[in-house]
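Chemist: My structure is in data-v6.tsv, and what it holds is TSV, C-alpha atoms:
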```tsv
chain	number	residue	atom	x	y	z
A	14	MET	CA	-9.17	46.41	16.47
A	15	HIS	CA	-9.76	49.63	18.36
A	16	ARG	CA	-13.08	50.46	19.98
A	17	THR	CA	-14.47	53.95	20.10
A	18	LYS	CA	-17.43	55.22	22.04
A	19	VAL	CA	-19.64	57.50	19.96
A	20	ARG	CA	-21.98	59.89	21.69
A	21	VAL	CA	-25.37	59.80	19.94
A	22	VAL	CA	-28.05	61.32	22.23
A	23	GLU	CA	-30.79	61.11	19.65
A	24	ASP	CA	-34.45	60.29	20.09
A	25	ALA	CA	-34.85	56.99	18.28
A	26	LEU	CA	-38.16	58.23	16.85
A	27	ASP	CA	-36.60	61.35	15.31
A	28	ALA	CA	-36.65	59.84	11.83
A	29	ASN	CA	-40.41	59.30	12.09
A	30	ASN	CA	-40.96	62.75	13.60
A	31	THR	CA	-39.05	64.40	10.75
A	32	ILE	CA	-41.35	62.79	8.18
A	33	ALA	CA	-44.35	63.70	10.34
A	34	GLN	CA	-43.24	67.33	10.15
A	35	ALA	CA	-43.06	67.11	6.35
A	36	ASN	CA	-46.61	65.72	6.33
A	37	ARG	CA	-47.71	68.51	8.61
A	38	ALA	CA	-46.20	71.12	6.31
A	39	ASP	CA	-48.20	69.67	3.40
A	40	PHE	CA	-51.40	69.67	5.46
A	41	ASP	CA	-50.79	73.24	6.61
A	42	ARG	CA	-50.19	74.42	3.06
A	43	GLU	CA	-53.60	73.07	2.05
A	44	HIS	CA	-55.23	74.34	5.26
A	45	VAL	CA	-56.33	70.87	6.25
A	46	VAL	CA	-56.72	69.94	9.92
A	47	VAL	CA	-55.60	66.36	10.44
A	48	VAL	CA	-57.03	64.11	13.11
A	49	ASN	CA	-55.44	60.80	14.10
A	50	LEU	CA	-58.25	58.47	15.15
A	51	MET	CA	-57.18	55.53	17.28
A	52	SER	CA	-58.73	52.72	19.33
A	53	ALA	CA	-58.58	49.05	20.11
A	54	PRO	CA	-59.97	46.82	17.34
A	55	GLY	CA	-63.76	46.84	17.37
A	56	ALA	CA	-64.27	49.91	19.58
A	57	GLY	CA	-66.31	51.56	16.84
A	58	LYS	CA	-64.04	53.97	14.96
A	59	THR	CA	-65.68	53.34	11.60
A	60	THR	CA	-69.20	53.31	13.05
A	61	LEU	CA	-68.48	56.65	14.72
A	62	LEU	CA	-67.41	58.06	11.34
A	63	GLU	CA	-70.48	56.59	9.63
A	64	SER	CA	-72.85	58.40	11.97
A	65	GLY	CA	-70.67	61.36	12.89
A	66	LEU	CA	-69.70	62.52	9.41
A	67	GLN	CA	-73.13	62.09	7.83
A	68	GLY	CA	-74.19	65.34	6.17
A	69	LEU	CA	-71.32	67.43	7.54
A	70	ALA	CA	-70.57	68.76	4.05
A	71	GLU	CA	-74.04	70.35	3.95
A	72	GLU	CA	-73.17	72.07	7.22
A	73	GLY	CA	-70.03	73.52	5.69
A	74	LEU	CA	-67.35	71.07	6.79
A	75	ARG	CA	-65.62	69.03	4.09
A	76	VAL	CA	-64.14	65.90	5.63
A	77	GLY	CA	-62.00	63.22	4.02
A	78	VAL	CA	-60.86	59.92	5.48
A	79	LEU	CA	-57.60	58.02	5.13
A	80	GLU	CA	-58.40	54.45	6.14
A	81	GLY	CA	-55.52	52.56	7.69
A	82	ASP	CA	-56.08	48.83	7.85
A	83	VAL	CA	-53.96	45.73	8.09
A	84	ALA	CA	-55.89	44.27	5.18
A	85	GLY	CA	-58.89	44.75	2.92
A	86	SER	CA	-61.10	47.74	2.19
A	87	PHE	CA	-64.05	46.78	4.42
A	88	ASP	CA	-64.03	50.08	6.32
A	89	ALA	CA	-63.55	52.22	3.22
A	90	ASP	CA	-66.46	50.40	1.58
A	91	ARG	CA	-68.68	51.19	4.57
A	92	LEU	CA	-67.83	54.88	4.32
A	93	ALA	CA	-68.47	55.04	0.57
A	94	VAL	CA	-72.15	55.95	1.17
A	95	LEU	CA	-71.07	59.21	2.80
A	96	ASN	CA	-69.97	60.57	-0.58
A	97	ILE	CA	-66.74	61.98	0.78
A	98	PRO	CA	-63.16	61.30	-0.29
A	99	VAL	CA	-62.06	58.01	1.27
A	100	VAL	CA	-58.59	56.67	0.57
A	101	GLN	CA	-57.54	53.18	1.57
A	102	LEU	CA	-54.10	52.64	3.07
A	103	ASN	CA	-53.22	49.02	3.69
A	104	THR	CA	-50.24	48.05	5.82
A	105	ASP	CA	-50.62	44.57	4.48
A	106	ASN	CA	-48.36	42.10	2.70
A	107	GLY	CA	-51.20	39.67	1.97
A	108	PHE	CA	-51.73	38.14	5.40
A	109	GLY	CA	-52.05	41.16	7.63
A	110	GLY	CA	-49.50	43.91	8.02
A	111	GLU	CA	-48.26	46.58	10.39
A	112	CYS	CA	-50.12	47.15	13.62
A	113	HIS	CA	-50.06	50.95	13.29
A	114	LEU	CA	-49.53	53.76	10.81
A	115	ASP	CA	-46.31	55.69	10.88
A	116	ALA	CA	-45.43	59.00	9.26
A	117	ASN	CA	-43.86	57.36	6.23
A	118	MET	CA	-46.88	55.18	5.44
A	119	VAL	CA	-49.11	58.25	5.57
A	120	ARG	CA	-46.63	60.16	3.41
A	121	SER	CA	-46.66	57.42	0.78
A	122	ALA	CA	-50.47	57.61	0.64
A	123	LEU	CA	-50.65	61.41	0.38
A	124	PRO	CA	-50.42	61.65	-3.45
A	125	GLY	CA	-53.79	59.88	-3.58
A	126	VAL	CA	-55.45	62.12	-1.00
A	127	PRO	CA	-57.28	65.12	-2.52
A	128	LEU	CA	-56.29	67.60	0.21
A	129	PRO	CA	-57.67	70.69	-1.61
A	130	GLU	CA	-61.14	69.12	-1.40
A	131	MET	CA	-61.23	68.95	2.38
A	132	ASP	CA	-61.11	71.01	5.57
A	133	VAL	CA	-60.46	68.06	7.85
A	134	LEU	CA	-58.69	64.78	7.12
A	135	ILE	CA	-59.39	61.95	9.53
A	136	VAL	CA	-56.73	59.27	9.53
A	137	GLU	CA	-58.31	56.11	10.89
A	138	ASN	CA	-55.40	54.27	12.42
A	139	VAL	CA	-55.05	50.51	12.71
A	140	GLY	CA	-56.96	49.13	15.69
A	141	ASN	CA	-54.41	48.84	18.50
A	142	LEU	CA	-54.01	50.53	21.88
A	143	VAL	CA	-50.23	50.49	22.00
A	144	CYS	CA	-48.18	51.17	18.86
A	145	PRO	CA	-50.23	53.97	17.25
A	146	ALA	CA	-49.61	56.12	20.32
A	147	GLU	CA	-45.86	56.03	19.63
A	148	PHE	CA	-45.84	57.25	16.06
A	149	ARG	CA	-46.77	60.79	15.06
A	150	ILE	CA	-48.08	61.08	11.51
A	151	GLY	CA	-48.25	64.87	11.24
A	152	GLU	CA	-51.62	65.25	12.90
A	153	ASP	CA	-53.07	68.28	14.69
A	154	ALA	CA	-55.22	66.33	17.09
A	155	ARG	CA	-55.45	62.78	18.36
A	156	ILE	CA	-58.69	61.19	19.40
A	157	MET	CA	-59.41	57.74	20.65
A	158	VAL	CA	-62.53	55.69	20.91
A	159	CYS	CA	-62.96	53.32	23.81
A	160	SER	CA	-66.08	51.29	24.23
A	161	VAL	CA	-67.93	50.19	27.33
A	162	THR	CA	-67.32	46.56	26.47
A	163	GLU	CA	-63.59	46.99	27.08
A	164	GLY	CA	-63.27	47.38	30.87
A	165	GLU	CA	-62.97	50.43	33.14
A	166	ASP	CA	-59.29	49.89	33.84
A	167	LYS	CA	-58.03	50.41	30.29
A	168	PRO	CA	-56.68	53.96	30.86
A	169	LEU	CA	-54.50	52.59	33.65
A	170	LYS	CA	-53.22	49.77	31.47
A	171	TYR	CA	-52.62	51.89	28.37
A	172	PRO	CA	-51.69	55.31	29.78
A	173	LEU	CA	-49.45	56.00	26.78
A	174	MET	CA	-52.46	56.00	24.48
A	175	PHE	CA	-54.88	57.75	26.81
A	176	ARG	CA	-52.35	60.49	27.55
A	177	ALA	CA	-51.64	61.08	23.87
A	178	CYS	CA	-55.25	62.00	23.03
A	179	GLU	CA	-57.10	65.26	23.55
A	180	LEU	CA	-60.52	63.71	22.98
A	181	VAL	CA	-61.71	60.37	24.33
A	182	VAL	CA	-65.01	59.13	22.93
A	183	ILE	CA	-66.66	56.52	25.14
A	184	ASN	CA	-68.68	54.52	22.63
A	185	LYS	CA	-71.49	51.93	22.80
A	186	VAL	CA	-73.22	53.58	25.78
A	187	ASP	CA	-76.48	52.06	24.49
A	188	LEU	CA	-75.14	48.75	25.83
A	189	LEU	CA	-74.69	50.03	29.39
A	190	GLN	CA	-78.10	48.76	30.47
A	191	HIS	CA	-76.99	45.22	29.63
A	192	LEU	CA	-73.55	45.41	31.19
A	193	ASP	CA	-72.04	45.46	34.63
A	194	PHE	CA	-69.91	48.45	33.66
A	195	ASP	CA	-69.20	51.57	35.70
A	196	VAL	CA	-68.83	54.32	33.11
A	197	ASP	CA	-68.12	56.92	35.81
A	198	ARG	CA	-65.18	54.84	36.97
A	199	LEU	CA	-63.89	54.67	33.41
A	200	GLU	CA	-64.11	58.44	33.15
A	201	ALA	CA	-62.38	58.87	36.51
A	202	ASN	CA	-59.57	56.60	35.29
A	203	ILE	CA	-59.26	58.63	32.09
A	204	ARG	CA	-59.00	61.78	34.24
A	205	GLN	CA	-56.36	60.16	36.40
A	206	VAL	CA	-53.99	59.75	33.45
A	207	ASN	CA	-55.18	62.68	31.30
A	208	HIS	CA	-56.85	65.44	33.24
A	209	ALA	CA	-57.13	67.78	30.25
A	210	ALA	CA	-58.89	65.35	27.90
A	211	THR	CA	-62.36	66.08	26.57
A	212	VAL	CA	-64.55	63.05	27.28
A	213	MET	CA	-67.76	62.30	25.38
A	214	ARG	CA	-70.29	59.52	25.96
A	215	VAL	CA	-71.63	58.34	22.65
A	216	SER	CA	-73.56	55.59	20.95
A	217	ALA	CA	-72.49	55.66	17.34
A	218	LYS	CA	-75.23	53.12	16.71
A	219	THR	CA	-78.24	54.96	18.18
A	220	GLY	CA	-76.84	58.45	17.60
A	221	GLU	CA	-76.82	59.35	21.29
A	222	GLY	CA	-74.14	61.97	21.95
A	223	VAL	CA	-72.99	62.01	18.32
A	224	GLU	CA	-74.05	65.65	17.95
A	225	GLU	CA	-71.40	66.61	20.49
A	226	PHE	CA	-68.79	64.83	18.38
A	227	ARG	CA	-70.02	66.63	15.27
A	228	ASP	CA	-69.75	69.98	17.07
A	229	TRP	CA	-66.18	69.13	18.08
A	230	MET	CA	-65.40	68.31	14.44
A	231	LYS	CA	-67.01	71.49	13.16
A	232	ALA	CA	-64.94	73.60	15.55
A	233	LEU	CA	-61.63	72.21	14.26
A	234	PRO	CA	-60.84	74.62	11.36
A	235	ALA	CA	-61.43	77.67	13.54
A	236	ARG	CA	-59.24	76.22	16.28
A	237	PHE	CA	-56.34	75.52	13.99
A	238	PHE	CA	-56.50	77.89	11.05
A	239	GLU	CA	-58.88	80.83	10.92
A	240	ASP	CA	-56.81	82.91	13.32
A	241	ASP	CA	-53.70	82.21	11.27
A	242	GLU	CA	-51.83	85.49	11.76
A	243	HIS	CA	-52.25	85.23	15.49
A	244	ASP	CA	-51.43	82.36	17.77
A	245	HIS	CA	-53.48	79.50	16.40
A	246	GLU	CA	-53.33	76.34	18.39
A	247	HIS	CA	-50.70	74.30	16.69
A	248	SER	CA	-48.22	77.08	16.09
A	249	HIS	CA	-45.82	75.29	18.40
A	250	ASP	CA	-46.85	71.74	17.71
A	251	HIS	CA	-44.66	70.69	14.86
A	252	GLY	CA	-43.03	67.82	16.60
A	253	GLU	CA	-39.63	69.38	17.13
A	254	PRO	CA	-37.86	68.13	20.19
A	255	GLY	CA	-37.73	70.73	22.90
A	256	HIS	CA	-40.93	72.48	21.90
A	257	THR	CA	-43.98	72.39	24.05
A	258	HIS	CA	-47.35	71.31	22.85
A	259	GLU	CA	-49.85	74.09	23.41
A	260	HIS	CA	-53.08	72.21	23.79
A	261	ALA	CA	-51.79	69.12	25.50
A	262	ASP	CA	-49.51	69.14	28.49
A	263	HIS	CA	-49.90	65.39	28.36
A	264	ASP	CA	-48.01	64.91	25.14
A	265	HIS	CA	-44.98	62.66	25.08
A	266	GLU	CA	-43.44	63.34	21.73
A	267	HIS	CA	-40.86	65.78	23.08
A	268	ALA	CA	-38.93	63.34	25.16
A	269	THR	CA	-35.68	65.15	24.53
A	270	ALA	CA	-36.87	68.35	26.17
B	18	MET	CA	-46.01	44.47	21.61
B	19	HIS	CA	-44.69	47.85	20.42
B	20	GLU	CA	-41.11	46.71	21.08
B	21	PHE	CA	-40.67	45.43	17.54
B	22	ASP	CA	-41.30	48.83	15.97
B	23	LEU	CA	-39.26	50.56	18.64
B	24	SER	CA	-36.42	48.13	17.95
B	25	SER	CA	-36.52	49.02	14.27
B	26	ALA	CA	-36.28	52.70	15.20
B	27	ILE	CA	-33.33	52.00	17.50
B	28	VAL	CA	-31.45	49.91	14.95
B	29	ALA	CA	-32.01	52.55	12.25
B	30	THR	CA	-30.67	55.28	14.53
B	31	VAL	CA	-27.65	53.21	15.50
B	32	ARG	CA	-26.86	52.33	11.88
B	33	LYS	CA	-27.10	55.97	10.88
B	34	HIS	CA	-24.41	56.88	13.42
B	35	ALA	CA	-22.25	53.78	12.94
B	36	GLY	CA	-21.95	53.93	9.17
B	37	GLN	CA	-19.77	51.02	8.05
B	38	ARG	CA	-18.26	50.44	11.48
B	39	LYS	CA	-19.19	47.37	13.46
B	40	VAL	CA	-21.18	48.15	16.60
B	41	THR	CA	-20.20	46.30	19.77
B	42	HIS	CA	-22.33	48.04	22.39
B	43	VAL	CA	-25.44	50.23	22.43
B	44	THR	CA	-26.54	52.34	25.39
B	45	LEU	CA	-30.18	53.41	25.48
B	46	ARG	CA	-31.94	55.79	27.84
B	47	ILE	CA	-35.58	54.82	28.21
B	48	GLY	CA	-38.19	56.39	30.48
B	49	ARG	CA	-40.55	54.24	32.51
B	50	LEU	CA	-43.59	55.89	30.95
B	51	ARG	CA	-42.63	54.34	27.61
B	52	GLN	CA	-43.81	50.98	28.92
B	53	VAL	CA	-40.98	49.14	27.23
B	54	VAL	CA	-40.27	45.52	28.17
B	55	LYS	CA	-36.49	45.28	28.20
B	56	ASP	CA	-36.12	41.57	27.43
B	57	THR	CA	-38.50	41.88	24.50
B	58	LEU	CA	-36.68	44.93	23.19
B	59	GLU	CA	-33.35	43.12	23.42
B	60	PHE	CA	-34.81	40.11	21.62
B	61	TYR	CA	-36.12	42.24	18.73
B	62	VAL	CA	-33.01	44.39	18.41
B	63	ALA	CA	-31.08	41.17	17.85
B	64	ILE	CA	-33.54	40.12	15.13
B	65	VAL	CA	-33.80	43.50	13.40
B	66	GLY	CA	-30.04	44.04	13.65
B	67	LYS	CA	-29.14	40.70	12.10
B	68	ASP	CA	-26.91	40.96	9.00
B	69	THR	CA	-26.19	44.60	9.79
B	70	VAL	CA	-23.33	46.30	11.63
B	71	VAL	CA	-25.51	46.07	14.75
B	72	GLU	CA	-25.48	42.26	14.81
B	73	GLY	CA	-23.96	40.92	18.00
B	74	ALA	CA	-23.90	44.25	19.83
B	75	THR	CA	-24.67	44.17	23.55
B	76	LEU	CA	-27.53	46.33	24.75
B	77	GLU	CA	-27.51	48.44	27.88
B	78	ILE	CA	-30.65	50.24	29.00
B	79	ILE	CA	-30.52	53.14	31.41
B	80	ASP	CA	-33.86	53.11	33.17
B	81	VAL	CA	-35.23	56.62	33.78
B	82	PRO	CA	-37.80	56.86	36.58
B	83	ALA	CA	-41.20	58.47	35.99
B	84	VAL	CA	-41.03	61.77	37.85
B	85	LEU	CA	-43.87	64.28	37.86
B	86	ARG	CA	-43.73	67.95	38.72
B	87	CYS	CA	-46.51	70.25	39.88
B	88	ARG	CA	-46.27	73.72	38.33
B	89	THR	CA	-48.29	75.17	41.22
B	90	CYS	CA	-46.47	73.89	44.30
B	91	LYS	CA	-43.19	73.03	42.49
B	92	ASN	CA	-43.19	69.60	44.12
B	93	GLU	CA	-41.53	66.69	42.31
B	94	TRP	CA	-42.28	63.05	43.00
B	95	GLU	CA	-41.74	59.65	41.44
B	96	ILE	CA	-44.72	57.53	40.46
B	97	GLU	CA	-44.98	53.75	40.28
B	98	ILE	CA	-48.55	53.69	38.93
B	99	PRO	CA	-50.16	55.90	36.26
B	100	ALA	CA	-51.68	58.57	38.53
B	101	PHE	CA	-50.95	62.02	37.10
B	102	ILE	CA	-52.28	63.97	40.07
B	103	CYS	CA	-50.60	66.24	42.62
B	104	GLY	CA	-51.57	65.21	46.15
B	105	THR	CA	-51.78	68.86	47.20
B	106	CYS	CA	-53.02	70.75	44.14
B	107	GLY	CA	-54.88	68.13	42.08
B	108	PRO	CA	-54.28	67.19	38.45
B	109	GLY	CA	-54.44	70.61	36.76
B	110	ALA	CA	-50.77	71.64	36.79
B	111	VAL	CA	-49.03	68.27	36.68
B	112	GLU	CA	-46.31	67.77	34.08
B	113	VAL	CA	-43.84	65.01	33.38
B	114	ALA	CA	-40.32	65.86	34.56
B	115	THR	CA	-38.69	62.62	33.43
B	116	GLY	CA	-39.84	59.22	32.21
B	117	GLU	CA	-40.69	59.84	28.55
B	118	GLU	CA	-37.15	59.43	27.20
B	119	PHE	CA	-36.54	57.13	24.26
B	120	MET	CA	-32.95	57.91	23.37
B	121	VAL	CA	-29.99	56.22	21.83
B	122	GLU	CA	-27.44	57.60	24.27
B	123	SER	CA	-24.19	56.24	22.81
B	124	ILE	CA	-22.71	53.41	20.78
B	125	GLU	CA	-19.37	51.67	20.86
B	126	VAL	CA	-17.87	50.89	17.45
B	127	GLU	CA	-14.83	49.08	16.12
B	128	ASP	CA	-12.48	51.26	14.11
B	129	GLU	CA	-10.50	49.76	11.23
B	130	GLU	CA	-7.15	50.25	13.01
B	131	SER	CA	-6.30	53.91	12.64
B	132	ALA	CA	-6.94	54.14	8.91
B	133	ALA	CA	-10.55	55.22	9.27
B	134	CYS	CA	-9.63	57.96	11.71
B	135	THR	CA	-6.97	59.60	9.58
B	136	ALA	CA	-8.64	59.22	6.21
B	137	PRO	CA	-9.43	62.62	4.73
B	138	ARG	CA	-13.11	63.39	4.37
```
Starting from the coordinates I provided, produce the structure as structure tokens.

Modeler:
Amino acid sequence: MHRTKVRVVEDALDANNTIAQANRADFDREHVVVVNLMSAPGAGKTTLLESGLQGLAEEGLRVGVLEGDVAGSFDADRLAVLNIPVVQLNTDNGFGGECHLDANMVRSALPGVPLPEMDVLIVENVGNLVCPAEFRIGEDARIMVCSVTEGEDKPLKYPLMFRACELVVINKVDLLQHLDFDVDRLEANIRQVNHAATVMRVSAKTGEGVEEFRDWMKALPARFFEDDEHDHEHSHDHGEPGHTHEHADHDHEHATA
Amino acid sequence: MHEFDLSSAIVATVRKHAGQRKVTHVTLRIGRLRQVVKDTLEFYVAIVGKDTVVEGATLEIIDVPAVLRCRTCKNEWEIEIPAFICGTCGPGAVEVATGEEFMVESIEVEDEESAACTAPR
């Protein structure tokens, strides 16, 4: 038996990135801005959507949600009162499933997502600070929620996640008065790994700071689409290796560059 | 914990390039910023690769250091902790030079004598 060395030199995540590009092409065709929403379990992603998306349609922004969960439809049920399109995507096999969404899972759910009815699609990823940061799903922007009950050092322990996101929402600030938590130190640690990130301090429960999140949401279509013929923000962000990411010098999806 | 999914991606890439040929060795190039635990990755590649052409292949990981570059002062330096800041110019113009790689660099495969090589396509 003869042995041959075969040169490969291929990013092992290329297969996922290729499907992510196909997703992105579908989103672009329908003029939908897609946001990948990530956090540790229990940081308040769904609560942020409950308070942050309330009444946005009346203000001219049509938002839909793709709910990624290991099991059940608890989150989708909570969002039902918002009267917006909510599609459940379970990664489950009966006893809990994948710890993140990848491009193919999102692709398989797309036929059920009424893209023409929305300006922005929020994909609520599975609660996890590690794996979701590795897998692009075809999104335009990544945001993460971290809560003040999690510890100030999290950005230093999970730099992959914190560096992947352009917006970091610090949630549960209403609890600060009860906690021995230095929110300034958390923000400094976020800055240390991701200088360019937008950081917001929010209580999804009391509504404090939520307006700022709503404004960020409302600005999305203009950022990504309205200036279409010119250089809108994601013109170079289609996940191809070797391309640079215009609004995030902290991205890591172009490892082959 | 992400090593399982990364292992699946590695095995899929290797299988794509190996076709029907048995794989004896896999060389990976992985940047430090990927936060990959080598032993865990090796463990999972063995599990995911079981009953495929990848089963039994040895794994070699080329460790790529995390090197940052400052676009302002052109300085390059290696980091051991996640601090993406230039000591001279601050954080504004810092970019990653190396350390984000997640590549299958090469594989070693067994050829069926010379038959496979000369067979017309």

Chemist: Sorted by chain and rising residue number, list the residues of range 105-135 of chain B at most 10 Å from range 78-99 of chain B (counting all atoms listed in the file), each with its closest atom pair and distance in Å to one decimal, as CSV.

Modeler:
```
residue,atom,partner,partner_atom,distance
B:Thr105,CA,B:Cys90,CA,7.9
B:Cys106,CA,B:Thr89,CA,7.1
B:Gly107,CA,B:Cys87,CA,8.9
B:Pro108,CA,B:Cys87,CA,8.5
B:Gly109,CA,B:Cys87,CA,8.5
B:Ala110,CA,B:Arg88,CA,5.2
B:Val111,CA,B:Cys87,CA,4.5
B:Glu112,CA,B:Arg86,CA,5.3
B:Val113,CA,B:Leu85,CA,4.5
B:Ala114,CA,B:Leu85,CA,5.1
B:Thr115,CA,B:Val84,CA,5.1
B:Gly116,CA,B:Ala83,CA,4.1
B:Glu117,CA,B:Ala83,CA,7.6
B:Glu118,CA,B:Val81,CA,7.4
B:Phe119,CA,B:Val81,CA,9.6
B:Met120,CA,B:Ile79,CA,9.7
B:Val121,CA,B:Ile78,CA,9.4
B:Glu122,CA,B:Ile79,CA,9.0
```

Chemist: Against range 54-65 of chain A, which residues of range 190-230 of chain A fall within 7 Å? For each one I want the closest pair of atoms and the distance in Å (one decimal), counting all atoms listed in the file, rows by chain and increasing residue number, as a Markdown table.

Modeler:
```
| residue | atom | partner | partner_atom | distance |
| --- | --- | --- | --- | --- |
| A:Ala217 | CA | A:Leu61 | CA | 4.9 |
| A:Gly220 | CA | A:Ser64 | CA | 6.9 |
| A:Val223 | CA | A:Gly65 | CA | 5.9 |
| A:Phe226 | CA | A:Gly65 | CA | 6.8 |
| A:Arg227 | CA | A:Gly65 | CA | 5.8 |
```

Chemist: Excluding Val186 in chain A and any residue of its chain fewer than 2 positions from it, enumerate the residues within 9 Å of it, using all atoms listed in the file, and give them as a VMD selection string.

Modeler: chain A and resid 160 to 161 183 to 184 188 to 190 196 214 to 217 221

Chemist: Hey, can you spit out that residue selection with C-alpha atoms as a CSV table (one decimal), in the coordinates of the input?

Modeler:
```csv
chain,number,residue,atom,x,y,z
A,160,SER,CA,-66.1,51.3,24.2
A,161,VAL,CA,-67.9,50.2,27.3
A,183,ILE,CA,-66.7,56.5,25.1
A,184,ASN,CA,-68.7,54.5,22.6
A,188,LEU,CA,-75.1,48.8,25.8
A,189,LEU,CA,-74.7,50.0,29.4
A,190,GLN,CA,-78.1,48.8,30.5
A,196,VAL,CA,-68.8,54.3,33.1
A,214,ARG,CA,-70.3,59.5,26.0
A,215,VAL,CA,-71.6,58.3,22.6
A,216,SER,CA,-73.6,55.6,21.0
A,217,ALA,CA,-72.5,55.7,17.3
A,221,GLU,CA,-76.8,59.4,21.3
```

Chemist: Any idea what the distance is between CA of Val22 in chain A and CA of Thr41 in chain B?

Modeler: 17.1 Å

Chemist: Can you work out which residues from chain A touch chain B at a cut-off of 8 Å (counting only C-alpha atoms) and hand them back as a list in words?

Modeler: Met14, His15, Arg16, Thr17, Lys18, Val19, Arg20, Val21, Val22, Glu23, Asp24, Ala25, Leu26, Ala28, Val143, Cys144, Leu169, Pro172, Leu173, Gln205, Val206, Asn207, His208, Ala209, Asp262, His263, His265, Ala268 and Thr269 of chain A

Chemist: Give the answer as one residue: which of A:Val94, A:Val47, A:Leu66, A:Asn30 has the shortest atom-to-atom distance to Glu225 in chain A, using all atoms listed in the file?

Modeler: A:Leu66
